[in-house]
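Source file upload_22.txt; content: compact mmCIF, C-alpha atoms.
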# COMPACT_ATOMS: atom_id res chain seq x y z
CA MET I 43 0.00 0.00 0.00
CA ASN I 44 1.23 3.46 -0.82
CA HIS I 45 -0.21 6.02 1.57
CA GLY I 46 2.86 8.16 1.84
CA THR I 47 4.97 10.54 -0.02
CA ARG I 48 8.71 10.16 -0.56
CA ASN I 49 9.74 7.90 2.31
CA ALA I 50 8.55 6.12 5.44
CA ALA I 51 9.20 9.19 7.60
CA GLY I 52 6.64 11.15 5.62
CA ARG I 53 4.12 8.35 5.34
CA ASP I 54 0.71 8.35 6.99
CA PHE I 55 -0.35 4.90 8.19
CA PRO I 56 -4.05 3.93 8.29
CA VAL I 57 -5.53 2.83 11.59
CA GLN I 58 -5.80 -0.83 10.55
CA GLU I 59 -2.10 -1.01 9.67
CA VAL I 60 -1.02 0.72 12.86
CA ALA I 61 -3.13 -1.69 14.89
CA ARG I 62 -1.58 -4.67 13.10
CA LEU I 63 1.99 -3.43 13.50
CA ALA I 64 1.52 -2.58 17.18
CA GLY I 65 -0.34 -5.79 18.04
CA ILE I 66 -3.42 -3.95 19.31
CA THR I 67 -6.91 -3.39 17.94
CA SER I 68 -8.39 -0.51 15.98
CA ARG I 69 -10.86 -0.17 18.83
CA THR I 70 -7.97 0.44 21.24
CA LEU I 71 -6.63 3.20 19.00
CA ARG I 72 -10.08 4.79 18.82
CA HIS I 73 -10.27 4.64 22.61
CA TYR I 74 -6.86 6.31 22.92
CA ASP I 75 -8.23 9.07 20.70
CA ALA I 76 -11.45 9.37 22.71
CA VAL I 77 -9.55 9.93 25.96
CA GLY I 78 -7.17 12.43 24.33
CA LEU I 79 -4.12 10.20 24.63
CA LEU I 80 -3.39 9.60 20.94
CA PRO I 81 -5.42 11.50 18.34
CA PRO I 82 -4.87 10.54 14.70
CA SER I 83 -2.60 12.81 12.69
CA ARG I 84 -5.40 13.35 10.21
CA ILE I 85 -8.73 11.93 9.11
CA GLY I 86 -9.11 11.23 5.41
CA GLY I 87 -12.04 12.12 3.24
CA ASN I 88 -13.22 8.53 3.60
CA GLY I 89 -13.35 8.92 7.39
CA TYR I 90 -10.27 6.74 7.95
CA ARG I 91 -7.80 7.69 10.65
CA TYR I 92 -4.15 8.12 9.68
CA TYR I 93 -1.05 8.30 11.88
CA ASP I 94 2.27 9.93 11.03
CA GLN I 95 5.75 9.29 12.44
CA HIS I 96 5.20 11.54 15.45
CA ALA I 97 2.03 9.64 16.35
CA LEU I 98 3.75 6.27 15.94
CA ILE I 99 6.53 7.30 18.33
CA ARG I 100 3.94 8.51 20.84
CA LEU I 101 2.15 5.16 20.54
CA GLN I 102 5.44 3.36 21.16
CA ARG I 103 5.90 5.34 24.36
CA ILE I 104 2.32 4.63 25.43
CA LEU I 105 2.78 0.89 24.97
CA LEU I 106 6.10 0.95 26.85
CA LEU I 107 4.48 2.76 29.77
CA ARG I 108 1.64 0.23 29.76
CA GLU I 109 4.30 -2.46 30.18
CA LEU I 110 5.34 -0.67 33.38
CA GLY I 111 1.81 -1.06 34.71
CA LEU I 112 0.61 2.54 34.34
CA GLY I 113 -3.02 3.39 33.67
CA LEU I 114 -4.03 5.66 30.80
CA ALA I 115 -4.50 8.72 33.03
CA GLU I 116 -1.03 8.17 34.48
CA ILE I 117 0.46 7.72 31.02
CA ALA I 118 -1.08 10.98 29.82
CA GLY I 119 0.52 12.83 32.71
CA VAL I 120 3.92 11.23 32.15
CA LEU I 121 3.89 12.08 28.44
CA GLU I 122 2.95 15.66 29.21
CA ARG I 123 5.76 16.02 31.74
CA GLN I 124 8.39 14.27 29.64
CA GLY I 125 8.93 16.94 27.02
CA ASN I 126 12.07 15.46 25.50
CA THR I 127 11.04 12.35 23.58
CA THR I 128 14.61 11.16 23.00
CA ASP I 129 15.53 11.32 26.70
CA ALA I 130 12.33 9.51 27.64
CA LEU I 131 13.02 6.75 25.13
CA ARG I 132 16.58 6.38 26.45
CA THR I 133 15.11 5.70 29.90
CA HIS I 134 12.76 3.13 28.41
CA LEU I 135 15.65 1.55 26.52
CA ALA I 136 17.75 1.17 29.66
CA TRP I 137 14.86 -0.59 31.39
CA LEU I 138 14.28 -2.86 28.38
CA GLU I 139 17.97 -3.78 28.19
CA GLN I 140 17.93 -4.70 31.85
CA GLU I 141 14.86 -6.87 31.31
CA LYS I 142 16.45 -8.42 28.21
CA ASP I 143 19.50 -9.44 30.21
CA ARG I 144 17.36 -10.90 33.00
CA LEU I 145 15.18 -12.86 30.57
CA ALA I 146 18.21 -14.11 28.63
CA ARG I 147 19.65 -15.49 31.85
CA GLN I 148 16.35 -17.15 32.71
CA ILE I 149 16.10 -18.69 29.24
CA ALA I 150 19.64 -20.05 29.48
CA SER I 151 18.93 -21.41 32.96
CA VAL I 152 15.76 -23.24 31.90
CA THR I 153 17.48 -24.54 28.75
CA ARG I 154 20.28 -26.02 30.86
CA THR I 155 17.72 -27.70 33.11
CA ILE I 156 15.87 -29.23 30.14
CA THR I 157 19.14 -30.50 28.64
CA ALA I 158 20.18 -32.05 31.95
CA LEU I 159 16.81 -33.77 32.37
CA GLU I 160 16.85 -35.11 28.82
CA LYS I 161 20.34 -36.54 29.32
CA GLY I 162 19.56 -37.92 32.76
CA GLN I 163 22.16 -35.64 34.34
CA ASP I 164 22.11 -33.88 37.69
CA ILE I 165 21.33 -30.19 37.48
CA MET I 166 23.86 -27.58 38.57
CA ALA I 167 22.20 -25.91 41.53
CA GLU I 168 24.25 -22.72 41.19
CA ASN I 169 22.99 -22.27 37.62
CA THR I 170 19.37 -23.27 38.11
CA PHE I 171 18.12 -19.96 39.40
CA ASP I 172 20.26 -17.56 37.37
CA GLY I 173 18.12 -14.57 36.43
CA PHE I 174 15.48 -15.30 39.06
CA ASP I 175 16.96 -13.64 42.12
CA HIS I 176 17.86 -10.21 43.40
CA THR I 177 21.63 -10.71 43.62
CA GLN I 178 22.38 -8.81 40.41
CA TYR I 179 22.90 -5.69 42.57
CA LYS I 180 25.21 -7.43 45.07
CA ASP I 181 28.39 -5.60 44.06
CA GLU I 182 26.66 -2.22 44.01
CA VAL I 183 25.13 -2.70 47.45
CA GLU I 184 28.39 -3.88 48.98
CA GLN I 185 30.32 -1.02 47.42
CA LYS I 186 27.90 1.63 48.64
CA TRP I 187 26.76 0.28 52.01
CA GLY I 188 29.10 -2.55 52.96
CA ARG I 189 29.11 -6.34 52.88
CA GLU I 190 27.16 -6.66 56.12
CA ALA I 191 24.26 -4.67 54.67
CA TYR I 192 24.04 -6.98 51.68
CA ALA I 193 24.49 -10.15 53.75
CA ARG I 194 21.65 -9.21 56.10
CA SER I 195 19.24 -8.28 53.32
CA ASP I 196 20.19 -11.41 51.35
CA GLU I 197 19.52 -13.65 54.35
CA TRP I 198 16.18 -11.91 54.96
CA TRP I 199 15.15 -12.45 51.32
CA LYS I 200 16.17 -16.12 51.22
CA ASN I 201 14.32 -16.87 54.47
CA MET I 202 11.03 -15.57 53.08
CA ASP I 203 8.44 -18.04 51.89
CA ASP I 204 6.74 -17.58 48.51
CA GLY I 205 3.75 -15.79 50.02
CA GLU I 206 5.92 -13.29 51.87
CA ARG I 207 7.94 -12.56 48.75
CA SER I 208 4.79 -12.05 46.69
CA ARG I 209 3.33 -9.66 49.26
CA TRP I 210 6.56 -7.67 49.45
CA LYS I 211 6.82 -7.45 45.66
CA ALA I 212 3.17 -6.35 45.42
CA GLU I 213 3.77 -3.64 48.02
CA THR I 214 6.86 -2.46 46.15
CA GLU I 215 5.00 -2.29 42.83
CA GLU I 216 2.06 -0.47 44.40
CA LEU I 217 4.40 2.10 45.96
CA GLY I 218 6.02 2.67 42.56
CA ARG I 219 2.62 3.16 40.94
CA ALA I 220 1.61 5.64 43.64
CA TRP I 221 4.78 7.67 43.06
CA THR I 222 4.30 7.59 39.29
CA GLU I 223 0.69 8.69 39.54
CA ALA I 224 1.54 11.54 41.91
CA ALA I 225 4.31 12.72 39.59
CA ALA I 226 2.03 12.53 36.55
CA GLN I 227 -0.52 14.69 38.34
CA GLY I 228 2.06 17.41 38.92
CA THR I 229 2.04 17.00 42.70
CA ASP I 230 4.24 19.41 44.66
CA PRO I 231 7.11 17.40 46.23
CA THR I 232 6.64 19.31 49.49
CA SER I 233 2.87 18.77 49.64
CA ALA I 234 1.21 16.62 52.28
CA ALA I 235 0.45 13.94 49.70
CA ALA I 236 4.04 13.72 48.49
CA GLN I 237 5.44 13.79 52.02
CA GLY I 238 3.06 11.01 52.97
CA LEU I 239 4.49 8.95 50.13
CA ALA I 240 8.02 9.83 51.26
CA ALA I 241 7.26 8.63 54.79
CA ARG I 242 5.82 5.43 53.38
CA HIS I 243 8.88 5.01 51.16
CA VAL I 244 11.30 5.42 54.06
CA ASP I 245 9.31 2.90 56.13
CA TRP I 246 9.56 0.51 53.18
CA LEU I 247 13.35 1.01 53.03
CA LYS I 248 13.67 0.47 56.79
CA SER I 249 11.72 -2.80 56.54
CA VAL I 250 14.68 -4.44 54.80
CA PRO I 251 17.31 -5.74 57.24
CA GLY I 252 20.67 -4.16 56.56
CA ALA I 253 19.28 -0.67 56.08
CA PRO I 254 20.97 1.90 58.37
CA THR I 255 19.05 2.53 61.58
CA GLY I 256 20.79 5.55 63.12
CA PRO I 257 19.22 8.94 62.25
CA ASP I 258 22.34 10.30 60.56
CA GLN I 259 23.07 7.07 58.70
CA LEU I 260 19.46 6.69 57.60
CA SER I 261 19.39 10.27 56.37
CA GLY I 262 22.51 9.69 54.26
CA TYR I 263 21.12 6.39 53.02
CA VAL I 264 17.89 8.02 51.83
CA ARG I 265 19.77 10.90 50.21
CA SER I 266 22.05 8.49 48.38
CA LEU I 267 19.15 6.40 47.10
CA ALA I 268 17.21 9.50 46.08
CA GLY I 269 20.12 10.58 43.91
CA MET I 270 20.49 7.08 42.48
CA TYR I 271 16.84 7.01 41.41
CA VAL I 272 17.58 9.90 39.07
CA ALA I 273 21.11 8.99 38.01
CA ASP I 274 20.42 5.34 37.17
CA PRO I 275 17.84 4.72 34.41
CA ARG I 276 17.12 1.27 35.85
CA PHE I 277 15.65 2.90 38.93
CA ALA I 278 14.10 5.86 37.09
CA ALA I 279 12.05 3.40 35.04
CA ASN I 280 10.25 2.36 38.24
CA TYR I 281 8.78 5.85 38.50
CA GLY I 282 7.78 6.47 34.89
CA GLY I 283 11.11 7.87 33.74
CA ALA I 284 13.52 10.66 34.59
CA GLU I 285 10.96 13.29 35.56
CA GLY I 286 9.09 10.89 37.81
CA ALA I 287 12.37 9.93 39.48
CA GLU I 288 13.19 13.62 39.99
CA PHE I 289 9.86 14.05 41.75
CA VAL I 290 10.60 11.11 44.06
CA ARG I 291 14.06 12.49 44.78
CA ASP I 292 12.76 15.98 45.58
CA ALA I 293 10.03 14.61 47.84
CA LEU I 294 12.46 12.35 49.71
CA LEU I 295 15.01 15.14 50.15
CA ALA I 296 12.30 17.45 51.47
CA TYR I 297 11.26 14.69 53.88
CA VAL I 298 14.82 14.24 55.09
CA GLU I 299 15.34 17.98 55.50
CA GLY I 300 12.09 18.16 57.46
CA GLY I 301 13.51 15.86 60.13
CA MET I 302 12.14 12.45 59.17
CA ALA I 303 13.70 10.74 62.15
CA ASP I 304 12.16 13.09 64.69
Show this structure as structure tokens.
Amino acid sequence: MNHGTRNAAGRDFPVQEVARLAGITSRTLRHYDAVGLLPPSRIGGNGYRYYDQHALIRLQRILLLRELGLGLAEIAGVLERQGNTTDALRTHLAWLEQEKDRLARQIASVTRTITALEKGQDIMAENTFDGFDHTQYKDEVEQKWGREAYARSDEWWKNMDDGERSRWKAETEELGRAWTEAAAQGTDPTSAAAQGLAARHVDWLKSVPGAPTGPDQLSGYVRSLAGMYVADPRFAANYGGAEGAEFVRDALLAYVEGGMAD
């Protein structure tokens, strides 16, 4: 089909083709238009909706944010706040590369298990759970906060049963969604709502054995993590990208400066 002009960058894609390429339905695209999230670039004389390159990139960002668990209202706020498309996509890319590495390790681990079973061999226990655990940050934690901090948190994690791990993960994900939603709504980092989230976040950090307990140490710990959320795209992705991470950082720093340990 030839809907465009000189090249793909100048081409307008009809709604059916966009839906097919993106793996969604035309109805979904119409819904995105209805809620103001993704209007078509133009509507042809035949009533068909067409999407240009700018719209396709916006759709890509929408689908990536959906993968992070954001609702449409949250996504709209994130897109509005993230003015620089290239920077936003770099954050997404960093998160995707991290996930790619984790999944590749899981695939290799399961493949080794299948091969061992087929050959009647014993499995290598140290390789069986590669990609499934939290130890990928071991070196970073030890470098920043010492071996004892990592050892205590690692023991705590390993001693959890499946139900406890699931509940902790669910709490972590819900906290991330709450931060992302607050950021998307343009919440003031010093507001009561943001400071309530900051208090909740610090309590969540303190719940992990190995976290500093003294007021001065805890303050430095929170400050360091707040800066890391912005500096490291892997963490920024948990809060909808760089601007969301900046909101979390500002709220946490305001909480620390307000005397969180009092």
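Across the structure, CA of Ala241 (chain I) and CA of Arg207 (chain I) are spaced 22.0 Å apart.
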Problem - Interatomic distance (Å, one decimal) between CA of Tyr92 (chain I) and CA of Glu116 (chain I) - result: 25.0 Å
Exercise for the section: Excluding Asp75 (chain I) and any residue of its chain fewer than 3 positions from it, enumerate the residues within 12 Å of it, using only C-alpha atoms, and give them as JSON, numbers by chain. Expected result: {"I": [57, 68, 69, 70, 71, 72, 78, 79, 80, 81, 82, 83, 84, 85, 91, 92, 93, 97, 101, 114, 118]}
Exercise for the section: Quote the spacing between CA of Ile99 (chain I) and CA of Glu59 (chain I) in Å to one decimal place. Expected result: 14.8 Å
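Nearest-residue note for Asp292 (chain I): choosing from I:Ala225, I:Leu131, I:Ala279, I:Leu260, the minimum distance belongs to I:Ala225, counting only C-alpha atoms.
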Fill in the blank from the handout: If you count only C-alpha atoms, the residue of I:Ile66, I:Ala287, I:Ala240, I:Ala61 closest to Val264 (chain I) turns out to be I:Ala240
Which polymer residues have any atom within 12 Å of an atom of region 270-277 of chain I, counting all atoms listed in the file, with same-chain residues fewer than 2 positions away left out, as a PDB file with C-alpha atoms, in the coordinates of the input?
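The result, written out as result.pdb:
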ATOM      1  CA  ASP I 129      15.530  11.320  26.700  1.00  0.00           C
ATOM      2  CA  ALA I 130      12.330   9.510  27.640  1.00  0.00           C
ATOM      3  CA  LEU I 131      13.020   6.750  25.130  1.00  0.00           C
ATOM      4  CA  ARG I 132      16.580   6.380  26.450  1.00  0.00           C
ATOM      5  CA  THR I 133      15.110   5.700  29.900  1.00  0.00           C
ATOM      6  CA  HIS I 134      12.760   3.130  28.410  1.00  0.00           C
ATOM      7  CA  LEU I 135      15.650   1.550  26.520  1.00  0.00           C
ATOM      8  CA  ALA I 136      17.750   1.170  29.660  1.00  0.00           C
ATOM      9  CA  TRP I 137      14.860  -0.590  31.390  1.00  0.00           C
ATOM     10  CA  LEU I 138      14.280  -2.860  28.380  1.00  0.00           C
ATOM     11  CA  GLU I 139      17.970  -3.780  28.190  1.00  0.00           C
ATOM     12  CA  GLN I 140      17.930  -4.700  31.850  1.00  0.00           C
ATOM     13  CA  GLU I 141      14.860  -6.870  31.310  1.00  0.00           C
ATOM     14  CA  TYR I 179      22.900  -5.690  42.570  1.00  0.00           C
ATOM     15  CA  GLU I 182      26.660  -2.220  44.010  1.00  0.00           C
ATOM     16  CA  VAL I 183      25.130  -2.700  47.450  1.00  0.00           C
ATOM     17  CA  LYS I 186      27.900   1.630  48.640  1.00  0.00           C
ATOM     18  CA  GLY I 218       6.020   2.670  42.560  1.00  0.00           C
ATOM     19  CA  TYR I 263      21.120   6.390  53.020  1.00  0.00           C
ATOM     20  CA  VAL I 264      17.890   8.020  51.830  1.00  0.00           C
ATOM     21  CA  ARG I 265      19.770  10.900  50.210  1.00  0.00           C
ATOM     22  CA  SER I 266      22.050   8.490  48.380  1.00  0.00           C
ATOM     23  CA  LEU I 267      19.150   6.400  47.100  1.00  0.00           C
ATOM     24  CA  ALA I 268      17.210   9.500  46.080  1.00  0.00           C
ATOM     25  CA  ALA I 279      12.050   3.400  35.040  1.00  0.00           C
ATOM     26  CA  ASN I 280      10.250   2.360  38.240  1.00  0.00           C
ATOM     27  CA  TYR I 281       8.780   5.850  38.500  1.00  0.00           C
ATOM     28  CA  GLY I 282       7.780   6.470  34.890  1.00  0.00           C
ATOM     29  CA  GLY I 283      11.110   7.870  33.740  1.00  0.00           C
ATOM     30  CA  ALA I 284      13.520  10.660  34.590  1.00  0.00           C
ATOM     31  CA  GLU I 285      10.960  13.290  35.560  1.00  0.00           C
ATOM     32  CA  GLY I 286       9.090  10.890  37.810  1.00  0.00           C
ATOM     33  CA  ALA I 287      12.370   9.930  39.480  1.00  0.00           C
ATOM     34  CA  GLU I 288      13.190  13.620  39.990  1.00  0.00           C
ATOM     35  CA  PHE I 289       9.860  14.050  41.750  1.00  0.00           C
ATOM     36  CA  VAL I 290      10.600  11.110  44.060  1.00  0.00           C
ATOM     37  CA  ARG I 291      14.060  12.490  44.780  1.00  0.00           C
ATOM     38  CA  ASP I 292      12.760  15.980  45.580  1.00  0.00           C
ATOM     39  CA  LEU I 294      12.460  12.350  49.710  1.00  0.00           C
TER      40      LEU I 294
END
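Minimum atom-to-atom distances from I:Thr214, I:Thr229, I:Thr222, I:Thr153 to Leu107 (chain I) were compared using all atoms listed in the file, and the lowest value belongs to I:Thr222.
Closest approach to Gln95 (chain I) from the set I:Lys142, I:Arg108, I:Arg123, I:Arg53 is made by I:Arg53, with distances taken over only C-alpha atoms.
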